[in-house]
Each structure stands twice: as structure tokens, then as C-alpha cells.
>>> print(open('structure35.cif').read())   # mmCIF, N, CA and C atoms
data_structure
loop_
_atom_site.label_atom_id
_atom_site.label_comp_id
_atom_site.auth_asym_id
_atom_site.auth_seq_id
_atom_site.Cartn_x
_atom_site.Cartn_y
_atom_site.Cartn_z
N MET A 8 -21.33 1.38 -22.92
CA MET A 8 -21.21 2.67 -22.31
C MET A 8 -21.06 2.46 -20.80
N SER A 9 -20.05 3.12 -20.20
CA SER A 9 -19.86 2.96 -18.76
C SER A 9 -20.66 4.02 -18.02
N ARG A 10 -21.23 3.61 -16.93
CA ARG A 10 -22.04 4.50 -16.12
C ARG A 10 -21.27 4.86 -14.85
N LYS A 11 -21.27 6.14 -14.50
CA LYS A 11 -20.58 6.57 -13.30
C LYS A 11 -21.43 6.20 -12.09
N LYS A 12 -20.84 5.44 -11.17
CA LYS A 12 -21.56 5.02 -9.98
C LYS A 12 -21.45 6.05 -8.88
N ARG A 13 -22.55 6.29 -8.18
CA ARG A 13 -22.52 7.14 -6.99
C ARG A 13 -22.01 6.31 -5.83
N PRO A 14 -21.22 6.93 -4.95
CA PRO A 14 -20.77 6.18 -3.79
C PRO A 14 -21.96 5.81 -2.91
N GLN A 15 -22.03 4.58 -2.50
CA GLN A 15 -23.12 4.11 -1.66
C GLN A 15 -22.64 4.00 -0.22
N THR A 16 -23.45 4.48 0.70
CA THR A 16 -23.17 4.33 2.11
C THR A 16 -24.29 3.48 2.67
N ARG A 17 -24.09 2.20 2.61
CA ARG A 17 -25.09 1.29 3.16
C ARG A 17 -24.39 0.04 3.66
N ILE A 18 -25.08 -0.69 4.48
CA ILE A 18 -24.50 -1.85 5.12
C ILE A 18 -25.28 -3.07 4.67
N GLY A 19 -24.62 -3.98 3.93
CA GLY A 19 -25.26 -5.22 3.51
C GLY A 19 -26.54 -5.00 2.75
N LYS A 20 -27.62 -5.58 3.27
CA LYS A 20 -28.92 -5.45 2.60
C LYS A 20 -29.55 -4.09 2.91
N ARG A 21 -30.62 -3.80 2.22
CA ARG A 21 -31.30 -2.51 2.38
C ARG A 21 -31.89 -2.38 3.77
N LEU A 22 -31.67 -1.24 4.39
CA LEU A 22 -32.10 -1.00 5.76
C LEU A 22 -33.56 -0.60 5.84
N ARG A 23 -34.19 -0.93 6.97
CA ARG A 23 -35.59 -0.59 7.21
C ARG A 23 -35.73 0.14 8.53
N CYS A 24 -36.72 0.98 8.62
CA CYS A 24 -37.03 1.68 9.87
C CYS A 24 -37.36 0.62 10.93
N GLY A 25 -36.79 0.80 12.12
CA GLY A 25 -36.99 -0.16 13.20
C GLY A 25 -38.38 -0.13 13.81
N ARG A 26 -39.19 0.85 13.45
CA ARG A 26 -40.55 0.95 14.01
C ARG A 26 -41.64 0.62 12.99
N CYS A 27 -41.61 1.29 11.84
CA CYS A 27 -42.69 1.06 10.87
C CYS A 27 -42.30 0.09 9.76
N GLY A 28 -40.99 -0.16 9.58
CA GLY A 28 -40.53 -1.12 8.59
C GLY A 28 -40.34 -0.57 7.19
N CYS A 29 -40.58 0.73 6.97
CA CYS A 29 -40.38 1.27 5.62
C CYS A 29 -38.89 1.28 5.28
N TYR A 30 -38.60 1.16 4.00
CA TYR A 30 -37.21 1.07 3.55
C TYR A 30 -36.51 2.42 3.62
N ALA A 31 -35.26 2.38 4.05
CA ALA A 31 -34.42 3.58 4.04
C ALA A 31 -33.95 3.82 2.62
N PRO A 32 -33.60 5.06 2.29
CA PRO A 32 -33.03 5.33 0.97
C PRO A 32 -31.78 4.48 0.76
N LYS A 33 -31.57 4.03 -0.47
CA LYS A 33 -30.39 3.20 -0.77
C LYS A 33 -29.09 3.96 -0.48
N ASP A 34 -29.06 5.23 -0.82
CA ASP A 34 -27.87 6.05 -0.60
C ASP A 34 -28.08 6.86 0.67
N LEU A 35 -27.40 6.46 1.75
CA LEU A 35 -27.61 7.12 3.04
C LEU A 35 -26.96 8.50 3.13
N THR A 36 -26.26 8.91 2.07
CA THR A 36 -25.70 10.26 2.03
C THR A 36 -26.57 11.21 1.22
N SER A 37 -27.68 10.70 0.69
CA SER A 37 -28.55 11.50 -0.16
C SER A 37 -29.43 12.45 0.64
N LYS A 38 -30.03 13.40 -0.06
CA LYS A 38 -30.97 14.36 0.55
C LYS A 38 -32.16 13.62 1.16
N ALA A 39 -32.61 12.54 0.52
CA ALA A 39 -33.75 11.78 1.01
C ALA A 39 -33.47 11.11 2.36
N ALA A 40 -32.20 10.85 2.67
CA ALA A 40 -31.85 10.18 3.92
C ALA A 40 -31.46 11.15 5.02
N GLU A 41 -31.48 12.44 4.72
CA GLU A 41 -30.96 13.45 5.63
C GLU A 41 -31.63 13.47 7.01
N ASN A 42 -32.91 13.17 7.12
CA ASN A 42 -33.59 13.23 8.42
C ASN A 42 -33.78 11.86 9.07
N TRP A 43 -33.21 10.82 8.47
CA TRP A 43 -33.24 9.51 9.10
C TRP A 43 -32.23 9.53 10.24
N SER A 44 -32.50 8.76 11.28
CA SER A 44 -31.62 8.74 12.44
C SER A 44 -31.19 7.30 12.71
N GLY A 45 -29.94 7.16 13.16
CA GLY A 45 -29.42 5.82 13.45
C GLY A 45 -28.87 5.72 14.85
N LYS A 46 -28.90 4.52 15.39
CA LYS A 46 -28.33 4.25 16.70
C LYS A 46 -27.24 3.21 16.52
N TRP A 47 -26.04 3.56 16.98
CA TRP A 47 -24.89 2.67 16.85
C TRP A 47 -24.65 1.96 18.17
N GLU A 48 -24.40 0.67 18.11
CA GLU A 48 -24.05 -0.12 19.29
C GLU A 48 -22.89 -1.03 18.91
N GLY A 49 -21.84 -0.97 19.71
CA GLY A 49 -20.68 -1.83 19.46
C GLY A 49 -20.05 -1.59 18.12
N GLY A 50 -20.08 -0.33 17.65
CA GLY A 50 -19.47 -0.02 16.37
C GLY A 50 -20.30 -0.43 15.17
N ARG A 51 -21.53 -0.86 15.39
CA ARG A 51 -22.42 -1.29 14.30
C ARG A 51 -23.75 -0.55 14.38
N LEU A 52 -24.34 -0.35 13.23
CA LEU A 52 -25.64 0.29 13.16
C LEU A 52 -26.68 -0.71 13.66
N ALA A 53 -27.31 -0.40 14.81
CA ALA A 53 -28.25 -1.32 15.44
C ALA A 53 -29.70 -1.01 15.12
N LEU A 54 -30.01 0.27 14.86
CA LEU A 54 -31.39 0.68 14.64
C LEU A 54 -31.39 1.95 13.80
N ILE A 55 -32.29 2.02 12.85
CA ILE A 55 -32.51 3.27 12.13
C ILE A 55 -33.98 3.62 12.23
N LEU A 56 -34.26 4.92 12.21
CA LEU A 56 -35.63 5.40 12.31
C LEU A 56 -35.91 6.41 11.21
N CYS A 57 -37.06 6.26 10.57
CA CYS A 57 -37.47 7.23 9.56
C CYS A 57 -37.92 8.50 10.28
N PRO A 58 -37.98 9.61 9.56
CA PRO A 58 -38.38 10.87 10.20
C PRO A 58 -39.75 10.82 10.88
N LEU A 59 -40.69 10.08 10.31
CA LEU A 59 -42.05 10.03 10.88
C LEU A 59 -42.12 9.23 12.18
N CYS A 60 -41.18 8.30 12.38
CA CYS A 60 -41.22 7.45 13.58
C CYS A 60 -40.39 8.00 14.74
N GLN A 61 -39.59 9.02 14.50
CA GLN A 61 -38.77 9.57 15.56
C GLN A 61 -39.62 10.42 16.51
N THR A 62 -39.36 10.26 17.80
CA THR A 62 -40.02 11.12 18.78
C THR A 62 -39.33 12.48 18.75
N PRO A 63 -39.98 13.52 19.26
CA PRO A 63 -39.31 14.83 19.33
C PRO A 63 -37.99 14.77 20.10
N LEU A 64 -37.94 13.95 21.14
CA LEU A 64 -36.71 13.81 21.92
C LEU A 64 -35.60 13.16 21.08
N GLU A 65 -35.94 12.14 20.30
CA GLU A 65 -34.95 11.49 19.44
C GLU A 65 -34.45 12.43 18.35
N THR A 66 -35.36 13.23 17.80
CA THR A 66 -34.97 14.21 16.78
C THR A 66 -34.03 15.25 17.36
N ALA A 67 -34.34 15.74 18.56
CA ALA A 67 -33.48 16.73 19.22
C ALA A 67 -32.11 16.13 19.57
N ALA A 68 -32.09 14.89 20.05
CA ALA A 68 -30.83 14.23 20.38
C ALA A 68 -29.96 14.05 19.14
N ALA A 69 -30.57 13.66 18.03
CA ALA A 69 -29.82 13.50 16.78
C ALA A 69 -29.24 14.83 16.32
N ALA A 70 -30.02 15.91 16.44
CA ALA A 70 -29.52 17.24 16.05
C ALA A 70 -28.36 17.67 16.95
N ALA A 71 -28.47 17.39 18.25
CA ALA A 71 -27.38 17.73 19.19
C ALA A 71 -26.13 16.93 18.89
N ASN A 72 -26.29 15.64 18.59
CA ASN A 72 -25.14 14.80 18.24
C ASN A 72 -24.45 15.30 16.97
N GLU A 73 -25.26 15.66 15.98
CA GLU A 73 -24.71 16.17 14.73
C GLU A 73 -23.96 17.48 14.95
N ALA A 74 -24.52 18.35 15.78
CA ALA A 74 -23.87 19.64 16.07
C ALA A 74 -22.54 19.42 16.79
N GLU A 75 -22.51 18.48 17.74
CA GLU A 75 -21.27 18.18 18.47
C GLU A 75 -20.21 17.64 17.53
N LEU A 76 -20.59 16.76 16.63
CA LEU A 76 -19.65 16.19 15.67
C LEU A 76 -19.16 17.25 14.69
N THR A 77 -20.05 18.08 14.20
CA THR A 77 -19.68 19.15 13.26
C THR A 77 -18.73 20.14 13.91
N ALA A 78 -19.02 20.52 15.15
CA ALA A 78 -18.16 21.47 15.87
C ALA A 78 -16.78 20.88 16.12
N GLY A 79 -16.74 19.61 16.49
CA GLY A 79 -15.45 18.95 16.73
C GLY A 79 -14.60 18.88 15.49
N LYS A 80 -15.21 18.57 14.36
CA LYS A 80 -14.47 18.52 13.09
C LYS A 80 -14.02 19.91 12.67
N ALA A 81 -14.85 20.92 12.92
CA ALA A 81 -14.49 22.30 12.57
C ALA A 81 -13.29 22.78 13.39
N ASP A 82 -13.13 22.25 14.60
CA ASP A 82 -12.00 22.61 15.46
C ASP A 82 -10.76 21.78 15.16
N GLY A 83 -10.80 20.97 14.10
CA GLY A 83 -9.63 20.19 13.71
C GLY A 83 -9.61 18.77 14.25
N GLY A 84 -10.71 18.34 14.86
CA GLY A 84 -10.76 16.98 15.41
C GLY A 84 -11.04 15.93 14.35
N LYS A 85 -10.63 14.71 14.68
CA LYS A 85 -10.92 13.56 13.83
C LYS A 85 -11.78 12.60 14.65
N PHE A 86 -12.93 12.21 14.11
CA PHE A 86 -13.85 11.34 14.83
C PHE A 86 -13.45 9.88 14.63
N LEU A 87 -13.38 9.15 15.75
CA LEU A 87 -13.13 7.71 15.71
C LEU A 87 -14.34 7.03 16.36
N PRO A 88 -15.03 6.15 15.62
CA PRO A 88 -16.24 5.53 16.17
C PRO A 88 -15.94 4.47 17.23
N ASP A 89 -16.89 4.31 18.17
CA ASP A 89 -16.79 3.25 19.17
C ASP A 89 -16.90 1.90 18.48
N PRO A 90 -16.37 0.85 19.11
CA PRO A 90 -15.62 0.85 20.35
C PRO A 90 -14.16 1.25 20.10
N VAL A 91 -13.71 2.26 20.81
CA VAL A 91 -12.36 2.78 20.61
C VAL A 91 -11.72 3.07 21.97
N LEU A 92 -10.42 2.93 22.02
CA LEU A 92 -9.65 3.24 23.22
C LEU A 92 -8.45 4.06 22.78
N CYS A 93 -8.34 5.28 23.29
CA CYS A 93 -7.22 6.16 22.94
C CYS A 93 -6.20 6.16 24.08
N ILE A 94 -4.95 6.03 23.72
CA ILE A 94 -3.87 6.09 24.71
C ILE A 94 -2.87 7.12 24.22
N THR A 95 -2.64 8.14 25.04
CA THR A 95 -1.65 9.16 24.68
C THR A 95 -0.40 8.96 25.54
N GLY A 96 0.71 9.49 25.09
CA GLY A 96 1.94 9.41 25.87
C GLY A 96 2.86 8.31 25.39
N THR A 97 3.76 7.90 26.28
CA THR A 97 4.77 6.89 25.96
C THR A 97 4.73 5.81 27.03
N LEU A 98 5.57 4.79 26.89
CA LEU A 98 5.63 3.76 27.92
C LEU A 98 6.12 4.33 29.25
N ALA A 99 7.08 5.26 29.20
CA ALA A 99 7.61 5.87 30.42
C ALA A 99 6.58 6.80 31.06
N ASP A 100 5.83 7.52 30.24
CA ASP A 100 4.81 8.45 30.74
C ASP A 100 3.52 8.15 29.98
N PRO A 101 2.70 7.23 30.50
CA PRO A 101 1.54 6.74 29.75
C PRO A 101 0.52 7.79 29.33
N GLY A 102 0.45 8.91 30.01
CA GLY A 102 -0.53 9.93 29.61
C GLY A 102 -1.94 9.53 29.95
N THR A 103 -2.83 9.63 29.01
CA THR A 103 -4.26 9.45 29.24
C THR A 103 -4.78 8.21 28.52
N VAL A 104 -5.68 7.50 29.16
CA VAL A 104 -6.40 6.40 28.54
C VAL A 104 -7.86 6.82 28.48
N LEU A 105 -8.47 6.74 27.31
CA LEU A 105 -9.83 7.23 27.16
C LEU A 105 -10.67 6.29 26.30
N TYR A 106 -11.80 5.88 26.84
CA TYR A 106 -12.78 5.12 26.08
C TYR A 106 -13.77 6.08 25.45
N GLY A 107 -14.39 5.68 24.36
CA GLY A 107 -15.47 6.46 23.80
C GLY A 107 -16.63 6.50 24.79
N ARG A 108 -17.42 7.57 24.76
CA ARG A 108 -18.50 7.77 25.74
C ARG A 108 -19.50 6.61 25.74
N ASP A 109 -19.96 6.19 24.59
CA ASP A 109 -20.95 5.11 24.51
C ASP A 109 -20.36 3.80 25.01
N HIS A 110 -19.11 3.54 24.63
CA HIS A 110 -18.46 2.30 25.04
C HIS A 110 -18.28 2.27 26.55
N LEU A 111 -17.87 3.38 27.13
CA LEU A 111 -17.69 3.45 28.57
C LEU A 111 -19.02 3.21 29.29
N THR A 112 -20.10 3.72 28.75
CA THR A 112 -21.43 3.49 29.33
C THR A 112 -21.76 2.00 29.27
N ARG A 113 -21.47 1.36 28.13
CA ARG A 113 -21.75 -0.07 28.00
C ARG A 113 -20.91 -0.89 28.97
N ILE A 114 -19.65 -0.49 29.18
CA ILE A 114 -18.79 -1.21 30.12
C ILE A 114 -19.38 -1.11 31.53
N SER A 115 -19.79 0.09 31.93
CA SER A 115 -20.33 0.26 33.29
C SER A 115 -21.66 -0.47 33.46
N THR A 116 -22.44 -0.59 32.40
CA THR A 116 -23.73 -1.28 32.48
C THR A 116 -23.56 -2.80 32.45
N ALA A 117 -22.78 -3.29 31.49
CA ALA A 117 -22.63 -4.73 31.29
C ALA A 117 -21.50 -5.34 32.13
N GLY A 118 -20.57 -4.51 32.58
CA GLY A 118 -19.46 -5.03 33.38
C GLY A 118 -18.38 -5.72 32.59
N GLN A 119 -18.41 -5.56 31.25
CA GLN A 119 -17.35 -6.17 30.44
C GLN A 119 -17.08 -5.32 29.22
N ALA A 120 -15.84 -5.40 28.74
CA ALA A 120 -15.44 -4.66 27.55
C ALA A 120 -15.69 -5.53 26.32
N GLU A 121 -15.77 -4.89 25.18
CA GLU A 121 -15.93 -5.61 23.94
C GLU A 121 -14.67 -5.42 23.11
N LYS A 122 -14.62 -6.02 21.95
CA LYS A 122 -13.45 -5.88 21.09
C LYS A 122 -13.25 -4.40 20.75
N LEU A 123 -12.04 -3.89 21.03
CA LEU A 123 -11.75 -2.47 20.89
C LEU A 123 -10.87 -2.19 19.69
N CYS A 124 -11.01 -0.98 19.16
CA CYS A 124 -10.05 -0.44 18.21
C CYS A 124 -9.10 0.40 19.05
N LEU A 125 -7.84 -0.01 19.15
CA LEU A 125 -6.87 0.68 19.97
C LEU A 125 -6.12 1.71 19.14
N VAL A 126 -6.17 2.95 19.57
CA VAL A 126 -5.46 4.03 18.91
C VAL A 126 -4.27 4.35 19.79
N GLU A 127 -3.08 4.05 19.30
CA GLU A 127 -1.90 4.28 20.12
C GLU A 127 -0.89 5.13 19.36
N GLN A 128 0.21 5.42 20.02
CA GLN A 128 1.28 6.25 19.48
C GLN A 128 0.78 7.65 19.14
N LEU A 129 -0.13 8.16 19.95
CA LEU A 129 -0.56 9.54 19.81
C LEU A 129 0.39 10.40 20.63
N PRO A 130 0.76 11.57 20.15
CA PRO A 130 1.64 12.45 20.94
C PRO A 130 1.02 12.78 22.29
N ALA A 131 1.88 12.99 23.30
CA ALA A 131 1.41 13.25 24.66
C ALA A 131 0.48 14.45 24.74
N GLU A 132 0.62 15.42 23.84
CA GLU A 132 -0.23 16.62 23.88
C GLU A 132 -1.57 16.42 23.18
N THR A 133 -1.81 15.22 22.67
CA THR A 133 -3.08 14.94 22.00
C THR A 133 -4.22 15.03 23.00
N ARG A 134 -5.32 15.62 22.55
CA ARG A 134 -6.52 15.71 23.39
C ARG A 134 -7.58 14.82 22.78
N CYS A 135 -8.09 13.88 23.56
CA CYS A 135 -9.16 12.99 23.12
C CYS A 135 -10.40 13.31 23.95
N VAL A 136 -11.52 13.54 23.27
CA VAL A 136 -12.75 13.92 23.95
C VAL A 136 -13.83 12.90 23.61
N PRO A 137 -14.41 12.23 24.63
CA PRO A 137 -15.49 11.29 24.32
C PRO A 137 -16.74 12.04 23.88
N ILE A 138 -17.32 11.60 22.76
CA ILE A 138 -18.58 12.17 22.29
C ILE A 138 -19.51 11.00 21.95
N VAL A 139 -20.74 11.29 21.66
CA VAL A 139 -21.69 10.24 21.33
C VAL A 139 -21.17 9.46 20.13
N GLY A 140 -21.08 8.16 20.28
CA GLY A 140 -20.66 7.29 19.19
C GLY A 140 -19.17 7.06 19.08
N GLY A 141 -18.36 7.71 19.91
CA GLY A 141 -16.92 7.50 19.81
C GLY A 141 -16.09 8.55 20.52
N VAL A 142 -14.98 8.90 19.89
CA VAL A 142 -14.03 9.85 20.46
C VAL A 142 -13.62 10.84 19.37
N MET A 143 -13.50 12.11 19.76
CA MET A 143 -12.96 13.14 18.86
C MET A 143 -11.50 13.33 19.28
N VAL A 144 -10.58 13.14 18.32
CA VAL A 144 -9.14 13.24 18.59
C VAL A 144 -8.61 14.54 18.01
N TYR A 145 -7.94 15.31 18.87
CA TYR A 145 -7.33 16.58 18.46
C TYR A 145 -5.81 16.44 18.60
N LEU A 146 -5.12 16.37 17.49
CA LEU A 146 -3.66 16.27 17.52
C LEU A 146 -3.05 17.62 17.87
N PRO A 147 -1.84 17.65 18.44
CA PRO A 147 -1.22 18.92 18.81
C PRO A 147 -1.10 19.85 17.61
N GLY A 148 -1.41 21.12 17.85
CA GLY A 148 -1.31 22.12 16.80
C GLY A 148 -2.47 22.13 15.82
N GLN A 149 -3.43 21.22 15.99
CA GLN A 149 -4.55 21.15 15.05
C GLN A 149 -5.89 21.46 15.72
N HIS A 150 -5.84 22.06 16.90
CA HIS A 150 -7.10 22.35 17.58
C HIS A 150 -6.96 23.60 18.43
N THR A 151 -8.12 24.11 18.78
CA THR A 151 -8.16 25.23 19.71
C THR A 151 -8.52 24.68 21.08
N VAL A 152 -7.87 25.16 22.11
CA VAL A 152 -8.15 24.68 23.46
C VAL A 152 -9.29 25.50 24.05
N PRO A 153 -10.35 24.82 24.55
CA PRO A 153 -11.50 25.56 25.08
C PRO A 153 -11.15 26.27 26.37
#
>>> encode(input="structure35.cif", output="C-alpha cells")
Amino acid sequence: MSRKKRPQTRIGKRLRCGRCGCYAPKDLTSKAAENWSGKWEGGRLALILCPLCQTPLETAAAAANEAELTAGKADGGKFLPDPVLCITGTLADPGTVLYGRDHLTRISTAGQAEKLCLVEQLPAETRCVPIVGGVMVYLPGQHTVP
């Protein structure tokens, strides 16, 4: 008898809270994982925190990040995780070059760039907005202008 597998969103071995060490739910898209928070560095999950170990400030920051991401997707944006570099325009008219917000912060702090995911050949009217964890890309005709 074949069993239908649920899609798993996990990285390698089972994750643990970075403070208390308790195991994260195996399925990070499940209801049980809904209040866990993660910190991404260099395009990789660097730290996860269980709900009991999060400070009120960390909980509020996670809620704000989620709201920003949800609003961006609702406006027709596509999220690209850091490290990312968006280039709009053509060779004759280069347009805009944009790093993800977190990556740009790391460059200014460390003084060096890391391996980037380069997003090119975007139409000149494309709007790229740095948000926590990456860039929200709005292609022409697929977004509302604030």
C-alpha cells in the first residue's frame, strides 16, 4: 500500500531551538511550527527559536517581517531571498542595481560581498524593493505603485 507523503520543509537534520535546544517540528509548514522564528544569514537558516525562547521584541519583529512579506506578495511581488542582486534595464541603460536589505547590511558591516544570486534581464520598469531576508520584485503591470 502506498502512503501519500506530506511535503517536508526542513533542512538536512532535524532543527533545534538555538536557546533551549528543543526540537523543531519536522514539518516547518505545519500548525505546530507556526510560531517558531528563524534568522537567515547568507541565504541559509542560521538560527531558529521556539515560541517560549523568543523575546517580545523578536516576536514583534517576526510578525512585522511576515506582514511585510504578505503585503508584498498581495501586491503582486515575488520574493527572492538573500543574497540577491537585482539589475533592471539594458546594457545601454543599466537602470537600477539593488542588493537585498540584509545582504547590503552585511556588506557594509563586513566590507565584502558574498556569493550572490544575480537576477538579470528584468524589464526597465521593474521595481525591486529590499525587505528583510531579500528583495521583493514587482514586474511591470503586476503591481500597484505606492
>>> resolve_selection(input="structure35.cif", expression="the PyMOL selection byres ((chain A and resi 54) around 6)", output="ChimeraX atom specification")
/A:25,44-47,52-53,55-56
>>> atom_distance(input="structure35.cif", atom1="atom CA of Val126 of chain A", atom2="atom CA of Ile94 of chain A")
6.4 Å
>>> resolve_selection(input="structure35.cif", expression="the PyMOL selection byres (((chain A and resi 60 and name CA) around 10) and name CA)", output="ChimeraX atom specification")
/A:24-28,43-44,55-59,61-63,65-66
>>> write_last_selection(input="structure35.cif", atoms="N, CA and C atoms", output="tab-separated table (two decimals), keeping the file's coordinate frame")
chain	number	residue	atom	x	y	z
A	24	CYS	N	-36.72	0.98	8.62
A	24	CYS	CA	-37.03	1.68	9.87
A	24	CYS	C	-37.36	0.62	10.93
A	25	GLY	N	-36.79	0.80	12.12
A	25	GLY	CA	-36.99	-0.16	13.20
A	25	GLY	C	-38.38	-0.13	13.81
A	26	ARG	N	-39.19	0.85	13.45
A	26	ARG	CA	-40.55	0.95	14.01
A	26	ARG	C	-41.64	0.62	12.99
A	27	CYS	N	-41.61	1.29	11.84
A	27	CYS	CA	-42.69	1.06	10.87
A	27	CYS	C	-42.30	0.09	9.76
A	28	GLY	N	-40.99	-0.16	9.58
A	28	GLY	CA	-40.53	-1.12	8.59
A	28	GLY	C	-40.34	-0.57	7.19
A	43	TRP	N	-33.21	10.82	8.47
A	43	TRP	CA	-33.24	9.51	9.10
A	43	TRP	C	-32.23	9.53	10.24
A	44	SER	N	-32.50	8.76	11.28
A	44	SER	CA	-31.62	8.74	12.44
A	44	SER	C	-31.19	7.30	12.71
A	55	ILE	N	-32.29	2.02	12.85
A	55	ILE	CA	-32.51	3.27	12.13
A	55	ILE	C	-33.98	3.62	12.23
A	56	LEU	N	-34.26	4.92	12.21
A	56	LEU	CA	-35.63	5.40	12.31
A	56	LEU	C	-35.91	6.41	11.21
A	57	CYS	N	-37.06	6.26	10.57
A	57	CYS	CA	-37.47	7.23	9.56
A	57	CYS	C	-37.92	8.50	10.28
A	58	PRO	N	-37.98	9.61	9.56
A	58	PRO	CA	-38.38	10.87	10.20
A	58	PRO	C	-39.75	10.82	10.88
A	59	LEU	N	-40.69	10.08	10.31
A	59	LEU	CA	-42.05	10.03	10.88
A	59	LEU	C	-42.12	9.23	12.18
A	61	GLN	N	-39.59	9.02	14.50
A	61	GLN	CA	-38.77	9.57	15.56
A	61	GLN	C	-39.62	10.42	16.51
A	62	THR	N	-39.36	10.26	17.80
A	62	THR	CA	-40.02	11.12	18.78
A	62	THR	C	-39.33	12.48	18.75
A	63	PRO	N	-39.98	13.52	19.26
A	63	PRO	CA	-39.31	14.83	19.33
A	63	PRO	C	-37.99	14.77	20.10
A	65	GLU	N	-35.94	12.14	20.30
A	65	GLU	CA	-34.95	11.49	19.44
A	65	GLU	C	-34.45	12.43	18.35
A	66	THR	N	-35.36	13.23	17.80
A	66	THR	CA	-34.97	14.21	16.78
A	66	THR	C	-34.03	15.25	17.36
>>> residues_near_point(input="structure35.cif", point="(-21.4, 9.1, 15.9)", cutoff="10 Å", atoms="only C-alpha atoms", output="ChimeraX atom specification")
/A:45-47,50,69,72-73,75-76,86-89,109,138-143
>>> atom_distance(input="structure35.cif", atom1="atom CA of Gly84 of chain A", atom2="atom CA of Ser37 of chain A")
24.3 Å
>>> select_by_dssp(input="structure35.cif", residues="segment 17-94 of chain A", states="alpha helix (DSSP H)", output="ChimeraX atom specification")
/A:63-81
>>> write_last_selection(input="structure35.cif", atoms="N, CA and C atoms", output="CSV table (one decimal), in the frame of the given file")
chain,number,residue,atom,x,y,z
A,63,PRO,N,-40.0,13.5,19.3
A,63,PRO,CA,-39.3,14.8,19.3
A,63,PRO,C,-38.0,14.8,20.1
A,64,LEU,N,-37.9,14.0,21.1
A,64,LEU,CA,-36.7,13.8,21.9
A,64,LEU,C,-35.6,13.2,21.1
A,65,GLU,N,-35.9,12.1,20.3
A,65,GLU,CA,-35.0,11.5,19.4
A,65,GLU,C,-34.4,12.4,18.4
A,66,THR,N,-35.4,13.2,17.8
A,66,THR,CA,-35.0,14.2,16.8
A,66,THR,C,-34.0,15.2,17.4
A,67,ALA,N,-34.3,15.7,18.6
A,67,ALA,CA,-33.5,16.7,19.2
A,67,ALA,C,-32.1,16.1,19.6
A,68,ALA,N,-32.1,14.9,20.0
A,68,ALA,CA,-30.8,14.2,20.4
A,68,ALA,C,-30.0,14.0,19.1
A,69,ALA,N,-30.6,13.7,18.0
A,69,ALA,CA,-29.8,13.5,16.8
A,69,ALA,C,-29.2,14.8,16.3
A,70,ALA,N,-30.0,15.9,16.4
A,70,ALA,CA,-29.5,17.2,16.0
A,70,ALA,C,-28.4,17.7,17.0
A,71,ALA,N,-28.5,17.4,18.2
A,71,ALA,CA,-27.4,17.7,19.2
A,71,ALA,C,-26.1,16.9,18.9
A,72,ASN,N,-26.3,15.6,18.6
A,72,ASN,CA,-25.1,14.8,18.2
A,72,ASN,C,-24.4,15.3,17.0
A,73,GLU,N,-25.3,15.7,16.0
A,73,GLU,CA,-24.7,16.2,14.7
A,73,GLU,C,-24.0,17.5,15.0
A,74,ALA,N,-24.5,18.4,15.8
A,74,ALA,CA,-23.9,19.6,16.1
A,74,ALA,C,-22.5,19.4,16.8
A,75,GLU,N,-22.5,18.5,17.7
A,75,GLU,CA,-21.3,18.2,18.5
A,75,GLU,C,-20.2,17.6,17.5
A,76,LEU,N,-20.6,16.8,16.6
A,76,LEU,CA,-19.6,16.2,15.7
A,76,LEU,C,-19.2,17.2,14.7
A,77,THR,N,-20.0,18.1,14.2
A,77,THR,CA,-19.7,19.2,13.3
A,77,THR,C,-18.7,20.1,13.9
A,78,ALA,N,-19.0,20.5,15.2
A,78,ALA,CA,-18.2,21.5,15.9
A,78,ALA,C,-16.8,20.9,16.1
A,79,GLY,N,-16.7,19.6,16.5
A,79,GLY,CA,-15.4,19.0,16.7
A,79,GLY,C,-14.6,18.9,15.5
A,80,LYS,N,-15.2,18.6,14.4
A,80,LYS,CA,-14.5,18.5,13.1
A,80,LYS,C,-14.0,19.9,12.7
A,81,ALA,N,-14.8,20.9,12.9
A,81,ALA,CA,-14.5,22.3,12.6
A,81,ALA,C,-13.3,22.8,13.4
>>> atom_distance(input="structure35.cif", atom1="atom N of Pro147 of chain A", atom2="atom C of Lys85 of chain A")
11.8 Å
>>> axis_aligned_box(input="structure35.cif", around="segment 75-94 of chain A", padding_each_side="8 Å", output="lines of an AutoDock Vina configuration file")
center_x = -12.7
center_y = 11.8
center_z = 18.6
size_x = 35.6
size_y = 37.9
size_z = 28.1
>>> residues_near_point(input="structure35.cif", point="(0.9, 17.7, 22.4)", cutoff="8 Å", atoms="all atoms listed in the file", output="list in words")
Leu129, Pro130, Ala131, Glu132, Thr133, Arg134, Tyr145, Leu146, Pro147 and Gly148 of chain A
>>> closest_residue(input="structure35.cif", among="A:Lys33, A:Cys135, A:Glu41, A:Arg23", to="Ala70 of chain A", atoms="only C-alpha atoms")
A:Glu41
